[in-house]
file work.pdb (PDB, C-alpha atoms and all ligand atoms)
ATOM      1  CA  MET A 108      42.617 -67.020 -21.327
ATOM      2  CA  LYS A 109      40.642 -64.297 -19.639
ATOM      3  CA  ASN A 110      41.228 -60.853 -21.053
ATOM      4  CA  GLU A 111      41.230 -58.462 -18.119
ATOM      5  CA  TYR A 112      40.417 -55.476 -20.333
ATOM      6  CA  LYS A 113      37.142 -56.938 -21.583
ATOM      7  CA  VAL A 114      33.842 -56.163 -19.886
ATOM      8  CA  PRO A 115      30.607 -58.069 -20.612
ATOM      9  CA  VAL A 116      27.913 -55.694 -21.830
ATOM     10  CA  ALA A 117      25.189 -58.013 -23.168
ATOM     11  CA  ALA A 118      22.484 -56.708 -20.787
ATOM     12  CA  LEU A 119      23.358 -53.117 -21.648
ATOM     13  CA  LEU A 120      23.116 -53.784 -25.389
ATOM     14  CA  ARG A 121      19.618 -55.220 -24.988
ATOM     15  CA  ASN A 122      18.257 -52.068 -23.350
ATOM     16  CA  LEU A 123      18.645 -48.976 -25.448
ATOM     17  CA  GLY A 124      19.196 -45.946 -23.237
ATOM     18  CA  SER A 125      20.304 -47.913 -20.182
ATOM     19  CA  GLN A 126      23.566 -47.378 -18.353
ATOM     20  CA  GLN A 127      26.199 -49.565 -16.768
ATOM     21  CA  GLU A 128      28.970 -48.570 -14.398
ATOM     22  CA  VAL A 129      32.383 -50.106 -14.844
ATOM     23  CA  GLU A 130      35.300 -50.023 -12.478
ATOM     24  CA  MET A 131      38.465 -52.024 -13.014
ATOM     25  CA  GLU A 132      41.993 -52.382 -11.775
ATOM     26  CA  VAL A 133      44.195 -53.687 -14.582
ATOM     27  CA  LYS A 134      47.823 -53.873 -15.606
ATOM     28  CA  ALA A 135      49.071 -51.204 -18.004
ATOM     29  CA  PRO A 136      49.340 -52.485 -21.589
ATOM     30  CA  SER A 137      52.554 -51.918 -23.549
ATOM     31  CA  GLY A 138      53.082 -48.940 -25.817
ATOM     32  CA  ILE A 139      52.440 -46.019 -23.460
ATOM     33  CA  GLY A 140      55.432 -43.724 -23.894
ATOM     34  CA  ASP A 141      58.963 -44.898 -24.651
ATOM     35  CA  SER A 142      61.897 -46.377 -22.754
ATOM     36  CA  PHE A 143      62.728 -42.976 -21.251
ATOM     37  CA  TYR A 144      59.339 -41.910 -20.047
ATOM     38  CA  GLY A 145      55.876 -43.398 -19.894
ATOM     39  CA  VAL A 146      53.520 -45.694 -18.048
ATOM     40  CA  ARG A 147      55.439 -48.909 -17.388
ATOM     41  CA  VAL A 148      53.992 -52.164 -18.715
ATOM     42  CA  GLY A 149      52.211 -54.003 -15.918
ATOM     43  CA  SER A 150      51.964 -51.040 -13.552
ATOM     44  CA  PRO A 151      48.515 -50.555 -11.998
ATOM     45  CA  VAL A 152      45.860 -48.718 -13.979
ATOM     46  CA  HIS A 153      42.490 -47.813 -12.535
ATOM     47  CA  LEU A 154      39.535 -47.207 -14.834
ATOM     48  CA  LYS A 155      36.102 -45.971 -13.905
ATOM     49  CA  ALA A 156      33.441 -45.343 -16.509
ATOM     50  CA  VAL A 157      29.764 -45.055 -17.237
ATOM     51  CA  LEU A 158      28.621 -46.887 -20.357
ATOM     52  CA  SER A 159      25.465 -45.746 -22.114
ATOM     53  CA  SER A 160      23.605 -47.881 -24.599
ATOM     54  CA  MET A 161      22.948 -46.094 -27.890
ATOM     55  CA  ARG A 162      21.433 -47.055 -31.210
ATOM     56  CA  SER A 163      24.712 -47.942 -32.896
ATOM     57  CA  GLY A 164      26.787 -48.960 -29.922
ATOM     58  CA  ILE A 165      27.972 -47.786 -26.532
ATOM     59  CA  GLU A 166      29.188 -44.454 -25.367
ATOM     60  CA  ALA A 167      31.830 -44.639 -22.623
ATOM     61  CA  LYS A 168      32.731 -41.717 -20.396
ATOM     62  CA  GLY A 169      35.060 -41.877 -17.471
ATOM     63  CA  GLU A 170      38.445 -41.520 -15.932
ATOM     64  CA  ILE A 171      41.722 -43.430 -16.021
ATOM     65  CA  SER A 172      44.370 -43.170 -13.297
ATOM     66  CA  ALA A 173      47.918 -44.445 -13.649
ATOM     67  CA  VAL A 174      51.489 -43.572 -12.748
ATOM     68  CA  GLU A 175      53.907 -42.166 -15.300
ATOM     69  CA  GLU A 176      57.612 -42.522 -14.679
ATOM     70  CA  GLY A 177      60.967 -41.921 -16.279
ATOM     71  CA  LYS A 178      63.918 -39.572 -16.139
ATOM     72  CA  CYS A 179      63.800 -35.794 -15.734
ATOM     73  CA  SER A 180      64.913 -34.423 -19.099
ATOM     74  CA  ARG A 181      67.189 -31.846 -17.439
ATOM     75  CA  CYS A 182      68.770 -33.508 -14.416
ATOM     76  CA  LEU A 183      68.055 -37.209 -15.221
ATOM     77  CA  LYS A 184      66.628 -37.814 -11.759
ATOM     78  CA  GLU A 185      63.893 -40.467 -11.567
ATOM     79  CA  VAL A 186      60.436 -38.950 -11.860
ATOM     80  CA  LYS A 187      57.277 -40.749 -10.830
ATOM     81  CA  ARG A 188      53.915 -39.076 -10.709
ATOM     82  CA  PRO A 189      50.239 -39.946 -10.830
ATOM     83  CA  VAL A 190      48.257 -39.092 -13.950
ATOM     84  CA  LYS A 191      44.524 -38.858 -14.310
ATOM     85  CA  VAL A 192      42.843 -38.725 -17.706
ATOM     86  CA  GLU A 193      39.217 -38.037 -18.473
ATOM     87  CA  PHE A 194      37.960 -39.699 -21.596
ATOM     88  CA  SER A 195      34.960 -40.066 -23.785
ATOM     89  CA  ALA A 196      34.824 -42.790 -26.400
ATOM     90  CA  PHE A 197      32.437 -44.595 -28.677
ATOM     91  CA  MET A 198      32.172 -48.368 -29.019
ATOM     92  CA  PRO A 199      30.156 -49.233 -32.125
ATOM     93  CA  PHE A 200      28.748 -52.655 -32.910
ATOM     94  CA  GLU A 201      31.022 -54.816 -34.977
ATOM     95  CA  ARG A 202      30.405 -54.413 -38.685
ATOM     96  CA  GLU A 203      30.227 -57.055 -41.332
ATOM     97  CA  ALA A 204      32.849 -56.597 -44.024
ATOM     98  CA  GLY A 205      31.697 -54.036 -46.549
ATOM     99  CA  GLU A 206      29.240 -52.339 -44.220
ATOM    100  CA  ALA A 207      29.591 -48.644 -43.694
ATOM    101  CA  SER A 208      31.576 -47.479 -40.694
ATOM    102  CA  PRO A 209      29.629 -45.962 -37.791
ATOM    103  CA  MET A 210      28.138 -42.598 -38.460
ATOM    104  CA  LYS A 211      30.486 -39.835 -37.447
ATOM    105  CA  CYS A 212      27.621 -37.645 -36.287
ATOM    106  CA  GLU A 213      26.963 -39.884 -33.307
ATOM    107  CA  VAL A 214      30.466 -39.352 -31.991
ATOM    108  CA  ASP A 215      31.227 -35.932 -30.634
ATOM    109  CA  GLU A 216      34.786 -36.575 -29.503
ATOM    110  CA  GLY A 217      37.186 -39.271 -28.445
ATOM    111  CA  GLY A 218      38.315 -42.479 -30.045
ATOM    112  CA  ILE A 219      36.318 -45.309 -31.574
ATOM    113  CA  TYR A 220      36.761 -48.822 -30.195
ATOM    114  CA  PRO A 221      34.448 -51.383 -31.794
ATOM    115  CA  LEU A 222      32.734 -53.871 -29.486
ATOM    116  CA  SER A 223      33.857 -57.458 -29.770
ATOM    117  CA  GLY A 224      30.634 -59.410 -29.601
ATOM    118  CA  ASP A 225      29.016 -58.818 -26.216
ATOM    119  CA  PHE A 226      32.193 -57.352 -24.775
ATOM    120  CA  ALA A 227      33.624 -53.853 -24.513
ATOM    121  CA  ASP A 228      37.413 -53.991 -24.825
ATOM    122  CA  PHE A 229      39.236 -51.244 -22.950
ATOM    123  CA  GLU A 230      42.828 -52.146 -23.808
ATOM    124  CA  GLY A 231      43.199 -49.851 -26.837
ATOM    125  CA  LEU A 232      41.348 -47.067 -25.095
ATOM    126  CA  ILE A 233      43.610 -47.205 -22.032
ATOM    127  CA  ARG A 234      46.723 -47.225 -24.225
ATOM    128  CA  ASP A 235      45.619 -44.341 -26.454
ATOM    129  CA  GLU A 236      44.256 -42.096 -23.724
ATOM    130  CA  LEU A 237      47.293 -42.452 -21.476
ATOM    131  CA  ALA A 238      49.785 -42.100 -24.344
ATOM    132  CA  LEU A 239      48.023 -38.932 -25.477
ATOM    133  CA  GLN A 240      48.073 -37.387 -22.044
ATOM    134  CA  LEU A 241      51.662 -38.145 -21.056
ATOM    135  CA  SER A 242      53.316 -34.996 -19.810
ATOM    136  CA  MET A 243      55.105 -33.207 -22.617
ATOM    137  CA  ILE A 244      57.345 -31.505 -20.091
ATOM    138  CA  ARG A 245      59.168 -34.281 -18.341
ATOM    139  CA  LEU A 246      60.769 -32.515 -15.432
ATOM    140  CA  CYS A 247      61.239 -33.528 -11.800
ATOM    141  CA  LYS A 248      59.890 -30.066 -10.900
ATOM    142  CA  PRO A 249      58.865 -27.090 -13.056
ATOM    143  CA  ASP A 250      61.984 -25.075 -12.247
ATOM    144  CA  CYS A 251      64.546 -27.877 -12.390
ATOM    145  CA  LYS A 252      67.962 -26.264 -12.897
ATOM    146  CA  GLY A 253      69.454 -29.314 -14.588
ATOM    147  CA  LEU A 254      73.099 -30.338 -14.563
ATOM    148  CA  CYS A 255      76.129 -28.061 -14.785
ATOM    149  CA  GLN A 256      77.395 -28.204 -18.365
ATOM    150  CA  LYS A 257      81.009 -28.028 -17.193
ATOM    151  CA  CYS A 258      81.193 -30.497 -14.345
ATOM    152  CA  GLY A 259      77.848 -32.328 -14.413
ATOM    153  CA  VAL A 260      76.919 -31.495 -10.831
ATOM    154  CA  ASP A 261      73.188 -31.347 -10.064
ATOM    155  CA  LEU A 262      72.506 -27.621  -9.913
ATOM    156  CA  ASN A 263      69.389 -28.179  -7.783
ATOM    157  CA  GLU A 264      71.624 -29.340  -4.973
ATOM    158  CA  ALA A 265      74.788 -27.361  -5.640
ATOM    159  CA  GLY A 266      73.512 -24.117  -4.146
ATOM    160  CA  CYS A 267      75.616 -21.228  -5.412
ATOM    161  CA  HIS A 268      77.583 -22.993  -8.109
ATOM    162  CA  SER A 269      80.232 -21.271 -10.189
ATOM    163  CA  HIS A 270      83.484 -22.028 -11.954
ATOM    164  CA  GLU A 271      85.118 -18.616 -11.598
ATOM    165  CA  ARG A 272      87.787 -19.921  -9.259
ATOM    166  CA  GLU A 273      88.710 -22.901 -11.381
ATOM    167  CA  PRO A 274      89.180 -21.548 -14.888
ATOM    168  CA  ASP A 275      88.922 -23.738 -17.942
ATOM    169  CA  PRO A 276      92.419 -24.962 -18.971
ATOM    170  CA  ARG A 277      91.964 -23.365 -22.399
ATOM    171  CA  PHE A 278      91.618 -19.967 -20.744
ATOM    172  CA  ALA A 279      94.581 -20.543 -18.454
ATOM    173  CA  LYS A 280      96.921 -20.470 -21.490
ATOM    174  CA  LEU A 281      95.410 -17.192 -22.660
ATOM    175  CA  ALA A 282      95.767 -15.644 -19.228
ATOM    176  CA  GLU A 283      99.420 -16.703 -19.165
ATOM    177  CA  LEU A 284     100.025 -15.174 -22.569
ATOM    178  CA  LYS A 285      98.305 -11.952 -21.566
ATOM    179  CA  GLU A 286     100.438 -11.721 -18.431
ATOM    180  CA  ARG A 287     103.659 -12.077 -20.463
ATOM    181  CA  MET A 288     102.597  -9.423 -22.968
ATOM    182  CA  THR A 289     101.822  -6.849 -20.311
ATOM    183  CA  LYS A 290     105.227  -7.223 -18.614
TER     184      LYS A 290
HETATM  185 ZN    ZN B   1      65.193 -32.451 -12.788
HETATM  186 ZN    ZN B   2      79.890 -27.163 -12.385
END
call {"tool": "encode", "arguments": {"input": "work.pdb", "output": "C-alpha cells"}}
result
Amino acid sequence: MKNEYKVPVAALLRNLGSQQEVEMEVKAPSGIGDSFYGVRVGSPVHLKAVLSSMRSGIEAKGEISAVEEGKCSRCLKEVKRPVKVEFSAFMPFEREAGEASPMKCEVDEGGIYPLSGDFADFEGLIRDELALQLSMIRLCKPDCKGLCQKCGVDLNEAGCHSHEREPDPRFAKLAELKERMTK
C-alpha cells in the first residue's frame, strides 16, 4: 500500500548540497490533540518544505497548514480555525544496530525523523509539529464570557444578564426570616 506521507529522495541523497522542494496534501494522522480539541484524523493537511542534502542526512524546513477544531473551553461552542506551523527537522540516514546516533551538532533545532531507505517519511513530523502547536487557549474568541454559572445561558448572547430579580431559593428563606424579625 502506498504511504502518502513518504517522499522519494534518492536523487537528493546522491548529490550532497542539493535541494528538493516538496509539497503535499495529505490526511491528518491520528494523535494530534484529544477528543475535545485537536486536528481531526483524516482532515486535510498541507505541507510545503525544502529538503537539503547534508553529509549525514536531510534537513527539512517548511510549513504545515491544517485546521484545529473542538469545543470552546468556556462556552462549549464549536471552534474551528486554521493553524500554520513552521518547522525545521533533521532526517538522518538509517543506522545499523549499534552504530552511534546522528551527531547532535548537525541539528540546531527541531525533531529527528530517520529516513527509511530512499524515502523521507513525514507522518511523525506532521503529528509532532501540529500537536506541539495546538492552541493552549481553546476559546471561540479571546474574550469569551462563557456560560452563566446559575442558569447556563451563553453570556456572549445574553446581553445584560443578571439574577437580581430572581433570587436563589436559599436566599428567599433568609429574606422571609429577616422580614419576620423586623416586624
Ligand atoms: Zn466561547
Ligand atoms: Zn444566568
call {"tool": "residues_near_ligand", "arguments": {"input": "work.pdb", "ligand": "ligand ZN 1 (chain B)", "cutoff": "9 Å", "atoms": "only C-alpha atoms and all ligand atoms", "output": "list in words"}}
result
Lys178, Cys179, Ser180, Arg181, Cys182, Leu183, Lys184, Glu185, Val186, Arg245, Leu246, Cys247, Lys248, Pro249, Asp250, Cys251, Lys252, Gly253, Leu254, Asp261 and Asn263 of chain A
call {"tool": "resolve_selection", "arguments": {"input": "work.pdb", "expression": "the PyMOL selection byres (((not hetatm)) within 9 of (chain B and resi 2))", "output": "ChimeraX atom specification"}}
result
/A:254-262,265,268-270
call {"tool": "resolve_selection", "arguments": {"input": "work.pdb", "expression": "the PyMOL selection byres (((chain A and resi 228) around 10) and not hetatm)", "output": "MDAnalysis selection string"}}
result
chainID A and resid 110:115 198 220:227 229:233
call {"tool": "resolve_selection", "arguments": {"input": "work.pdb", "expression": "the PyMOL selection byres (((chain A and resi 143-148) around 12) and not hetatm)", "output": "number ranges by chain"}}
result
A: 133-142, 149-152, 172-180, 183-191, 233-247
call {"tool": "residues_near_point", "arguments": {"input": "work.pdb", "point": "(22.7, -48.2, -27.0)", "cutoff": "7 Å", "atoms": "only C-alpha atoms", "output": "ChimeraX atom specification"}}
result
/A:120,122-124,159-165
call {"tool": "residues_around", "arguments": {"input": "work.pdb", "residues": "Phe197 of chain A", "least_positions_apart": "6", "cutoff": "7 Å", "atoms": "all atoms listed in the file", "output": "VMD selection string"}}
result
chain A and resid 165 to 167 214 218 to 220
